[in-house]
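S.K.: Just data31.cif, nothing more (mmCIF, C-alpha atoms):
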data_input
#
loop_
_atom_site.label_atom_id
_atom_site.label_comp_id
_atom_site.auth_asym_id
_atom_site.auth_seq_id
_atom_site.Cartn_x
_atom_site.Cartn_y
_atom_site.Cartn_z
CA MET V 68 10.16 24.50 28.68
CA THR V 69 6.70 23.70 27.36
CA SER V 70 5.66 20.25 26.35
CA SER V 71 5.34 19.92 22.60
CA LEU V 72 4.00 17.37 20.18
CA ARG V 73 6.43 15.95 17.62
CA VAL V 74 4.71 14.84 14.43
CA LEU V 75 6.15 13.00 11.42
CA GLY V 76 4.26 13.99 8.28
CA ILE V 77 4.53 11.76 5.23
CA ASP V 78 3.61 12.66 1.66
CA PRO V 79 3.57 9.13 0.25
CA GLY V 80 5.14 8.30 -3.09
CA LEU V 81 7.57 5.94 -4.76
CA THR V 82 9.72 8.27 -6.85
CA ARG V 83 9.64 10.92 -4.12
CA CYS V 84 8.25 10.32 -0.62
CA GLY V 85 8.31 13.48 1.48
CA VAL V 86 9.07 13.17 5.19
CA GLY V 87 8.87 16.11 7.58
CA VAL V 88 9.15 16.30 11.35
CA VAL V 89 7.87 19.28 13.31
CA ASP V 90 7.50 20.14 16.97
CA VAL V 91 4.32 22.02 17.81
CA ASP V 92 4.13 23.61 21.24
CA ARG V 93 1.05 24.30 23.35
CA SER V 94 0.70 27.75 21.83
CA ARG V 95 0.55 25.98 18.44
CA ARG V 96 3.92 27.33 17.35
CA GLY V 97 5.65 24.97 14.92
CA THR V 98 9.40 24.35 14.68
CA LEU V 99 11.23 22.43 11.97
CA VAL V 100 13.02 19.32 13.22
CA HIS V 101 13.77 17.48 10.00
CA VAL V 102 12.72 17.46 6.39
CA GLY V 103 13.76 15.19 3.55
CA VAL V 104 12.69 13.18 0.56
CA ILE V 105 13.09 9.41 0.17
CA ARG V 106 13.72 8.60 -3.48
CA SER V 107 13.55 5.33 -5.38
CA SER V 108 14.24 4.69 -9.03
CA PRO V 109 11.31 4.00 -11.37
CA ASP V 110 13.56 1.30 -12.89
CA ALA V 111 13.64 -0.72 -9.65
CA GLU V 112 11.21 -3.50 -8.78
CA ILE V 113 8.10 -2.32 -6.93
CA GLY V 114 8.95 -4.41 -3.84
CA ASP V 115 12.46 -2.97 -3.69
CA ARG V 116 11.07 0.55 -4.08
CA LEU V 117 8.66 -0.02 -1.19
CA ALA V 118 11.54 -1.44 0.88
CA ILE V 119 13.51 1.79 0.27
CA VAL V 120 10.50 3.84 1.40
CA ALA V 121 10.09 1.61 4.47
CA ALA V 122 13.77 1.84 5.42
CA GLY V 123 13.72 5.63 5.02
CA ILE V 124 10.67 6.04 7.26
CA ARG V 125 12.05 3.64 9.89
CA GLU V 126 15.28 5.67 9.91
CA VAL V 127 13.44 8.96 10.49
CA ILE V 128 11.37 7.41 13.30
CA ALA V 129 14.47 5.94 14.95
CA GLU V 130 16.39 9.21 14.76
CA TYR V 131 13.68 11.75 15.60
CA ARG V 132 11.24 9.66 17.69
CA PRO V 133 7.96 11.37 16.77
CA ASP V 134 4.88 11.10 18.99
CA ALA V 135 2.54 10.62 16.05
CA VAL V 136 2.53 10.00 12.31
CA ALA V 137 0.29 11.71 9.75
CA VAL V 138 -0.02 10.48 6.17
CA GLU V 139 -1.69 12.22 3.27
CA ARG V 140 -4.76 10.31 2.14
CA VAL V 141 -4.70 8.95 -1.40
CA PHE V 142 -7.78 8.97 -3.61
CA ALA V 143 -8.56 6.71 -6.55
CA GLN V 144 -9.74 9.79 -8.46
CA GLN V 145 -6.20 11.16 -8.65
CA ASN V 146 -3.80 10.52 -11.54
CA THR V 147 -4.44 6.83 -12.13
CA HIS V 148 -1.01 6.25 -13.64
CA THR V 149 0.75 6.72 -10.32
CA VAL V 150 -2.09 6.40 -7.79
CA MET V 151 -1.57 2.69 -7.10
CA GLY V 152 2.11 3.18 -6.28
CA THR V 153 1.19 6.12 -4.06
CA ALA V 154 -1.45 4.03 -2.29
CA GLN V 155 1.06 1.20 -1.79
CA ALA V 156 3.59 3.65 -0.32
CA SER V 157 0.91 5.04 2.01
CA GLY V 158 0.13 1.50 3.17
CA VAL V 159 3.80 0.95 3.95
CA ALA V 160 3.92 4.24 5.88
CA LEU V 161 0.86 3.32 7.97
CA LEU V 162 2.24 -0.19 8.57
CA ILE V 163 5.53 1.16 9.88
CA ALA V 164 3.77 3.65 12.15
CA ALA V 165 1.66 0.82 13.61
CA GLU V 166 4.67 -1.50 13.98
CA SER V 167 6.53 1.33 15.71
CA GLY V 168 3.67 1.68 18.20
CA LEU V 169 2.85 5.18 17.00
CA PRO V 170 -0.66 6.57 16.51
CA ALA V 171 -1.25 7.40 12.87
CA ALA V 172 -3.87 9.36 11.00
CA THR V 173 -4.57 10.32 7.44
CA HIS V 174 -5.61 13.75 6.22
CA THR V 175 -6.96 14.72 2.83
CA PRO V 176 -4.98 17.09 0.58
CA SER V 177 -7.66 19.77 1.00
CA GLU V 178 -7.62 19.44 4.80
CA VAL V 179 -3.84 19.90 4.70
CA LYS V 180 -3.96 22.89 2.37
CA ALA V 181 -6.75 24.51 4.38
CA ALA V 182 -4.82 23.99 7.62
CA VAL V 183 -1.66 25.75 6.43
CA THR V 184 -2.99 28.32 3.97
CA GLY V 185 -6.61 28.73 5.08
CA TYR V 186 -7.60 27.69 1.56
CA GLY V 187 -8.35 24.08 0.54
CA SER V 188 -7.46 24.62 -3.11
CA ALA V 189 -4.10 26.32 -2.54
CA ASP V 190 -1.41 25.45 -5.07
CA LYS V 191 1.97 23.90 -4.27
CA ARG V 192 3.75 27.25 -4.34
CA GLN V 193 1.35 28.76 -1.80
CA VAL V 194 1.83 25.75 0.50
CA GLN V 195 5.63 26.02 0.20
CA ALA V 196 5.54 29.76 0.95
CA MET V 197 3.27 29.32 3.98
CA ILE V 198 5.39 26.48 5.37
CA ALA V 199 8.45 28.73 5.19
CA ARG V 200 6.57 31.48 7.05
CA ILE V 201 4.99 29.21 9.68
CA LEU V 202 8.32 27.49 10.45
CA ARG V 203 10.36 30.72 10.13
CA LEU V 204 12.60 29.32 7.37
CA ASP V 205 14.79 31.46 5.13
CA ALA V 206 13.46 29.77 1.99
CA PRO V 207 10.56 27.50 1.02
CA PRO V 208 11.39 23.81 1.51
CA GLN V 209 12.29 22.08 -1.77
CA PRO V 210 11.00 19.99 -3.49
CA ALA V 211 7.23 20.42 -3.09
CA ASP V 212 6.97 16.90 -1.58
CA ALA V 213 9.15 18.03 1.33
CA ALA V 214 6.93 21.07 1.98
CA ASP V 215 3.83 18.89 1.70
CA ALA V 216 5.19 16.50 4.34
CA LEU V 217 5.69 19.42 6.74
CA ALA V 218 2.20 20.72 5.92
CA ILE V 219 0.71 17.29 6.74
CA ALA V 220 2.57 17.23 10.06
CA LEU V 221 1.37 20.74 10.99
CA CYS V 222 -2.19 19.94 9.89
CA HIS V 223 -2.18 16.91 12.16
CA ALA V 224 -0.77 18.74 15.18
CA TRP V 225 -3.23 21.60 14.85
CA ARG V 226 -6.29 19.42 14.22
CA ARG V 227 -5.33 17.09 17.04
CA GLY V 228 -4.92 20.09 19.28
CA GLY V 229 -8.51 21.03 18.59
CA ALA V 230 -7.67 23.96 16.34
CA VAL V 231 -10.88 23.62 14.40
CA ALA V 232 -11.89 26.71 12.49
CA THR V 233 -15.12 28.20 13.71
CA GLN V 234 -16.96 31.17 12.36
CA GLY V 235 -15.41 34.35 13.65
CA ALA V 236 -12.22 32.58 14.76
CA LEU V 237 -9.01 32.28 12.80
CA THR V 238 -7.07 29.04 12.49
CA PRO V 239 -3.40 29.27 13.43
CA ALA V 240 -2.62 29.21 9.71
CA GLN V 241 -4.99 32.05 9.03
CA ARG V 242 -3.40 34.04 11.87
CA ALA V 243 0.06 33.25 10.50
CA TRP V 244 -1.05 34.18 7.00
CA ALA V 245 -2.50 37.44 8.22
CA ALA V 246 0.71 38.18 10.15
CA ALA V 247 2.81 37.34 7.11
CA GLU V 248 0.73 39.64 4.98
CA ARG V 249 1.19 42.44 7.51
CA VAL V 250 4.96 41.85 7.37
CA ALA V 251 4.92 41.76 3.58
CA ARG V 252 3.12 45.11 3.48
CA THR V 253 5.62 46.88 5.72
CA MET H 96 12.21 -36.58 -6.73
CA THR H 97 11.89 -33.68 -9.13
CA SER H 98 12.78 -30.16 -8.16
CA SER H 99 9.69 -28.01 -7.73
CA LEU H 100 8.92 -24.34 -7.38
CA ARG H 101 7.09 -23.23 -4.25
CA VAL H 102 5.03 -20.09 -4.78
CA LEU H 103 3.11 -18.00 -2.26
CA GLY H 104 0.11 -16.37 -3.93
CA ILE H 105 -1.53 -13.40 -2.22
CA ASP H 106 -4.98 -11.98 -2.96
CA PRO H 107 -4.53 -8.67 -1.15
CA GLY H 108 -7.24 -7.24 1.06
CA LEU H 109 -7.87 -5.84 4.53
CA THR H 110 -11.04 -7.63 5.60
CA ARG H 111 -9.89 -10.85 3.93
CA CYS H 112 -6.39 -11.37 2.51
CA GLY H 113 -6.06 -14.75 0.79
CA VAL H 114 -2.75 -16.60 1.09
CA GLY H 115 -2.03 -19.81 -0.78
CA VAL H 116 1.15 -21.85 -1.17
CA VAL H 117 1.59 -24.39 -3.95
CA ASP H 118 4.44 -26.58 -5.16
CA VAL H 119 4.63 -26.87 -8.94
CA ASP H 120 6.90 -29.57 -10.33
CA ARG H 121 8.74 -29.61 -13.63
CA SER H 122 5.83 -31.31 -15.34
CA ARG H 123 3.73 -28.31 -14.16
CA ARG H 124 1.74 -30.42 -11.72
CA GLY H 125 0.56 -28.33 -8.76
CA THR H 126 0.22 -29.54 -5.18
CA LEU H 127 -1.46 -27.70 -2.31
CA VAL H 128 0.90 -26.82 0.54
CA HIS H 129 -1.11 -24.29 2.51
CA VAL H 130 -4.15 -22.09 2.11
CA GLY H 131 -5.66 -19.55 4.45
CA VAL H 132 -7.22 -16.16 4.87
CA ILE H 133 -5.82 -13.35 7.03
CA ARG H 134 -8.70 -11.36 8.47
CA SER H 135 -8.79 -7.94 10.12
CA SER H 136 -11.77 -6.08 11.52
CA PRO H 137 -13.15 -3.08 9.62
CA ASP H 138 -13.47 -1.43 13.05
CA ALA H 139 -9.69 -1.47 13.62
CA GLU H 140 -7.34 1.37 12.66
CA ILE H 141 -5.93 1.09 9.14
CA GLY H 142 -2.34 0.82 10.42
CA ASP H 143 -3.28 -2.00 12.81
CA ARG H 144 -5.12 -3.80 10.00
CA LEU H 145 -2.05 -3.57 7.76
CA ALA H 146 0.10 -4.84 10.65
CA ILE H 147 -2.18 -7.91 10.96
CA VAL H 148 -1.82 -8.55 7.21
CA ALA H 149 1.97 -8.11 7.47
CA ALA H 150 2.26 -10.47 10.44
CA GLY H 151 0.13 -13.09 8.69
CA ILE H 152 2.24 -13.00 5.53
CA ARG H 153 5.51 -13.09 7.47
CA GLU H 154 4.21 -16.16 9.36
CA VAL H 155 3.37 -18.01 6.13
CA ILE H 156 6.79 -17.18 4.65
CA ALA H 157 8.59 -18.32 7.82
CA GLU H 158 6.64 -21.57 7.99
CA TYR H 159 6.49 -22.60 4.32
CA ARG H 160 9.59 -20.88 2.89
CA PRO H 161 8.35 -20.15 -0.65
CA ASP H 162 10.78 -19.53 -3.53
CA ALA H 163 8.69 -16.66 -4.93
CA VAL H 164 5.71 -14.45 -4.13
CA ALA H 165 2.92 -13.48 -6.53
CA VAL H 166 0.42 -10.73 -5.72
CA GLU H 167 -2.76 -9.89 -7.60
CA ARG H 168 -2.49 -6.48 -9.23
CA VAL H 169 -4.95 -3.83 -8.06
CA PHE H 170 -6.54 -1.37 -10.46
CA ALA H 171 -7.97 2.05 -9.69
CA GLN H 172 -10.94 1.17 -11.88
CA GLN H 173 -12.14 -1.43 -9.39
CA ASN H 174 -14.65 -0.73 -6.60
CA THR H 175 -13.36 2.61 -5.35
CA HIS H 176 -14.80 2.12 -1.87
CA THR H 177 -12.30 -0.63 -1.02
CA VAL H 178 -9.64 -0.20 -3.70
CA MET H 179 -7.34 2.00 -1.60
CA GLY H 180 -7.27 -0.50 1.27
CA THR H 181 -6.62 -3.29 -1.22
CA ALA H 182 -3.78 -1.30 -2.80
CA GLN H 183 -2.29 -0.59 0.64
CA ALA H 184 -2.45 -4.31 1.51
CA SER H 185 -0.77 -5.17 -1.81
CA GLY H 186 2.01 -2.69 -0.99
CA VAL H 187 2.54 -4.38 2.35
CA ALA H 188 2.65 -7.81 0.66
CA LEU H 189 5.26 -6.64 -1.88
CA LEU H 190 7.29 -4.96 0.88
CA ILE H 191 7.44 -8.14 2.96
CA ALA H 192 8.43 -10.23 -0.06
CA ALA H 193 11.29 -7.80 -0.79
CA GLU H 194 12.37 -7.65 2.87
CA SER H 195 12.33 -11.47 2.95
CA GLY H 196 14.66 -11.52 -0.07
CA LEU H 197 12.05 -13.21 -2.26
CA PRO H 198 11.38 -12.34 -5.90
CA ALA H 199 7.87 -10.97 -6.30
CA ALA H 200 5.62 -10.33 -9.25
CA THR H 201 2.11 -9.05 -9.82
CA HIS H 202 -0.45 -10.56 -12.16
CA THR H 203 -3.73 -9.05 -13.30
CA PRO H 204 -7.03 -10.72 -12.38
CA SER H 205 -7.63 -11.63 -16.04
CA GLU H 206 -4.15 -13.19 -16.37
CA VAL H 207 -4.88 -15.27 -13.26
CA LYS H 208 -8.32 -16.37 -14.45
CA ALA H 209 -7.00 -17.19 -17.93
CA ALA H 210 -4.15 -19.23 -16.44
CA VAL H 211 -6.37 -21.48 -14.34
CA THR H 212 -9.59 -21.63 -16.37
CA GLY H 213 -8.39 -20.73 -19.87
CA TYR H 214 -10.87 -17.84 -19.77
CA GLY H 215 -9.98 -14.33 -18.59
CA SER H 216 -13.52 -13.45 -17.56
CA ALA H 217 -14.21 -16.58 -15.50
CA ASP H 218 -16.33 -16.04 -12.40
CA LYS H 219 -15.29 -16.86 -8.84
CA ARG H 220 -17.14 -20.17 -8.83
CA GLN H 221 -15.33 -21.33 -11.97
CA VAL H 222 -11.97 -20.39 -10.48
CA GLN H 223 -12.78 -22.26 -7.25
CA ALA H 224 -13.88 -25.36 -9.18
CA MET H 225 -10.77 -25.36 -11.38
CA ILE H 226 -8.44 -24.90 -8.40
CA ALA H 227 -10.03 -27.95 -6.75
CA ARG H 228 -9.48 -29.97 -9.93
CA ILE H 229 -5.92 -28.77 -10.61
CA LEU H 230 -4.82 -29.42 -7.02
CA ARG H 231 -6.88 -32.64 -6.69
CA LEU H 232 -8.88 -31.36 -3.70
CA ASP H 233 -12.10 -32.95 -2.48
CA ALA H 234 -13.91 -29.61 -2.42
CA PRO H 235 -13.34 -26.08 -3.74
CA PRO H 236 -11.25 -23.94 -1.37
CA GLN H 237 -13.39 -21.56 0.68
CA PRO H 238 -13.78 -18.59 0.77
CA ALA H 239 -13.20 -17.28 -2.78
CA ASP H 240 -10.19 -15.24 -1.56
CA ALA H 241 -8.43 -18.48 -0.60
CA ALA H 242 -9.04 -20.00 -4.04
CA ASP H 243 -7.89 -16.76 -5.68
CA ALA H 244 -4.62 -16.86 -3.75
CA LEU H 245 -3.96 -20.40 -5.00
CA ALA H 246 -4.88 -19.33 -8.55
CA ILE H 247 -2.38 -16.44 -8.36
CA ALA H 248 0.34 -18.83 -7.17
CA LEU H 249 -0.37 -21.32 -9.99
CA CYS H 250 -0.55 -18.52 -12.56
CA HIS H 251 2.86 -17.32 -11.46
CA ALA H 252 4.47 -20.77 -11.49
CA TRP H 253 3.12 -21.57 -14.94
CA ARG H 254 3.95 -18.21 -16.49
CA ARG H 255 7.38 -18.26 -14.97
CA GLY H 256 7.87 -21.71 -16.42
CA GLY H 257 7.30 -20.25 -19.86
CA ALA H 258 3.81 -21.66 -20.24
CA VAL H 259 2.72 -18.87 -22.53
CA ALA H 260 -0.35 -19.67 -24.58
CA THR H 261 0.35 -19.71 -28.30
CA GLN H 262 -2.09 -20.28 -31.10
CA GLY H 263 -2.70 -23.98 -31.54
CA ALA H 264 -1.16 -24.86 -28.15
CA LEU H 265 -2.99 -25.39 -24.88
CA THR H 266 -1.91 -23.82 -21.61
CA PRO H 267 -1.50 -26.20 -18.67
CA ALA H 268 -4.81 -24.85 -17.36
CA GLN H 269 -6.52 -25.53 -20.64
CA ARG H 270 -5.13 -29.07 -20.63
CA ALA H 271 -6.27 -29.52 -17.00
CA TRP H 272 -9.68 -28.14 -17.87
CA ALA H 273 -10.01 -30.46 -20.84
CA ALA H 274 -8.94 -33.39 -18.67
CA ALA H 275 -11.40 -32.40 -15.95
CA GLU H 276 -14.18 -32.19 -18.51
CA ARG H 277 -13.30 -35.68 -19.76
CA VAL H 278 -13.49 -36.96 -16.19
CA ALA H 279 -16.80 -35.19 -15.59
CA ARG H 280 -18.26 -36.78 -18.71
CA THR H 281 -17.35 -40.34 -17.76
#
In structure tokens, write the structure found in this file.
M.R.:
Amino acid sequence: MTSSLRVLGIDPGLTRCGVGVVDVDRSRRGTLVHVGVIRSSPDAEIGDRLAIVAAGIREVIAEYRPDAVAVERVFAQQNTHTVMGTAQASGVALLIAAESGLPAATHTPSEVKAAVTGYGSADKRQVQAMIARILRLDAPPQPADAADALAIALCHAWRRGGAVATQGALTPAQRAWAAAERVART
Amino acid sequence: MTSSLRVLGIDPGLTRCGVGVVDVDRSRRGTLVHVGVIRSSPDAEIGDRLAIVAAGIREVIAEYRPDAVAVERVFAQQNTHTVMGTAQASGVALLIAAESGLPAATHTPSEVKAAVTGYGSADKRQVQAMIARILRLDAPPQPADAADALAIALCHAWRRGGAVATQGALTPAQRAWAAAERVART
């Protein structure tokens, strides 16, 4: 039995809010605990949609009792049509983490992509594929928001653990990617 | 005794979140019930700041029991340095309204300014001056965020009451402004 860190990753959103829980052990090995998507209808009132997101996150925290929460950071530069709703959902996620007494952090999309694929501009399909490999899943998590939530959780656990990429050293993701490529070639 | 509508107006923000409660009677006359500013330190964690905003809003709702909540709408086009925090605070405000079972609405800054000054591009000083006149206060509410919160509440009460400006008709704000100008001239 090694002590592990349990992280809840949240990909904030109103229509789809990804939630993923992973355990990461001291050797940086990640294991899937839970993954899901909280959905709310675009026809509902904004307050009711945020309440659905809040209830869903509280439920995951109550059931899986993470040690920390990581939320993807939202930028104003992104798609302005949905960015305000995404920012509001991220605020709700950070509020619930704080009210649950859990440490919370935000990570940028490029930090998350770099952590799991070794490449800050990776596309959604690459992230999904790497998440499946890192967590030893039979298939990539669906939809992309679910994979993103797991990627955010892994990014947080690895960064928190001091797994900062240095020249000449591989990040855990780069090692996993290299291993996966070796497997794919055999 | 006429039945009146009690509205909580919220000017969302992290460093300063304005909260104002007004009663508006059937003749559209507004009366100040409460005004304040919830403050959180820029040095605090974002989740803790949002929790302070949430606690402050819950306290106002518990103490003054408004019938409705109105929140100023945040746009991505605004100052990008603070817009995400403002959007997150607005999400928290809308969440708490929904979880308190209160109807909530958002109004744009220009709707709010037009409602209280008759002019959608009014500056902060004009809004503060008009709020003092409309609510019969001895001095303009300070800081501007407090006056804005009251303006949002009045905007909501008047719009909800069907006080839509039509050509040839004055809004309640325009009538109040005209009356205030008559008083100032005497």
S.K.: Return the neighbours of chain H among the residues of chain V, cut-off 10 Å, counting all atoms listed in the file, as a ChimeraX atom specification.
M.R.: /V:112-122,140-166,168-173
S.K.: Can you tell me how far atom CA of V:Gly123 sits from atom CA of V:Gly85, in Å to one decimal?
M.R.: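 Between atom CA of V:Gly123 and atom CA of V:Gly85 the gap works out to 10.2 Å.
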S.K.: Atom CA of H:Trp253 and atom CA of H:Arg123 are how many Å apart?
M.R.: 6.8 Å
S.K.: Identify, on the basis of all atoms listed in the file, every residue whose closest approach to H:Leu245 does not exceed 8 Å; exclude the query and any residue fewer than 6 positions from it along the same chain; express the result as a ChimeraX atom specification.
M.R.: /H:103-105,114-117,130,226
S.K.: Which one is closest to V:Gly80: V:Ser108, V:Thr175, V:Ser188, V:Ser167? Count all atoms listed in the file.
M.R.: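 Using all atoms listed in the file, the shortest distance to V:Gly80 belongs to V:Ser108.
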S.K.: Within 10 Å of (-0.7, -27.6, -2.1) (file coordinates; only C-alpha atoms), which protein or nucleic acid residues are there? I'd like them as a count of residues only.
M.R.: 17
S.K.: Applied to this file, what does the PyMOL selection byres ((chain V and resi 209) around 12) return in terms of residues, put as a PyMOL selection string?
M.R.: chain V and resi 83+85-87+102-104+191-192+194-196+198-199+204-208+210-217
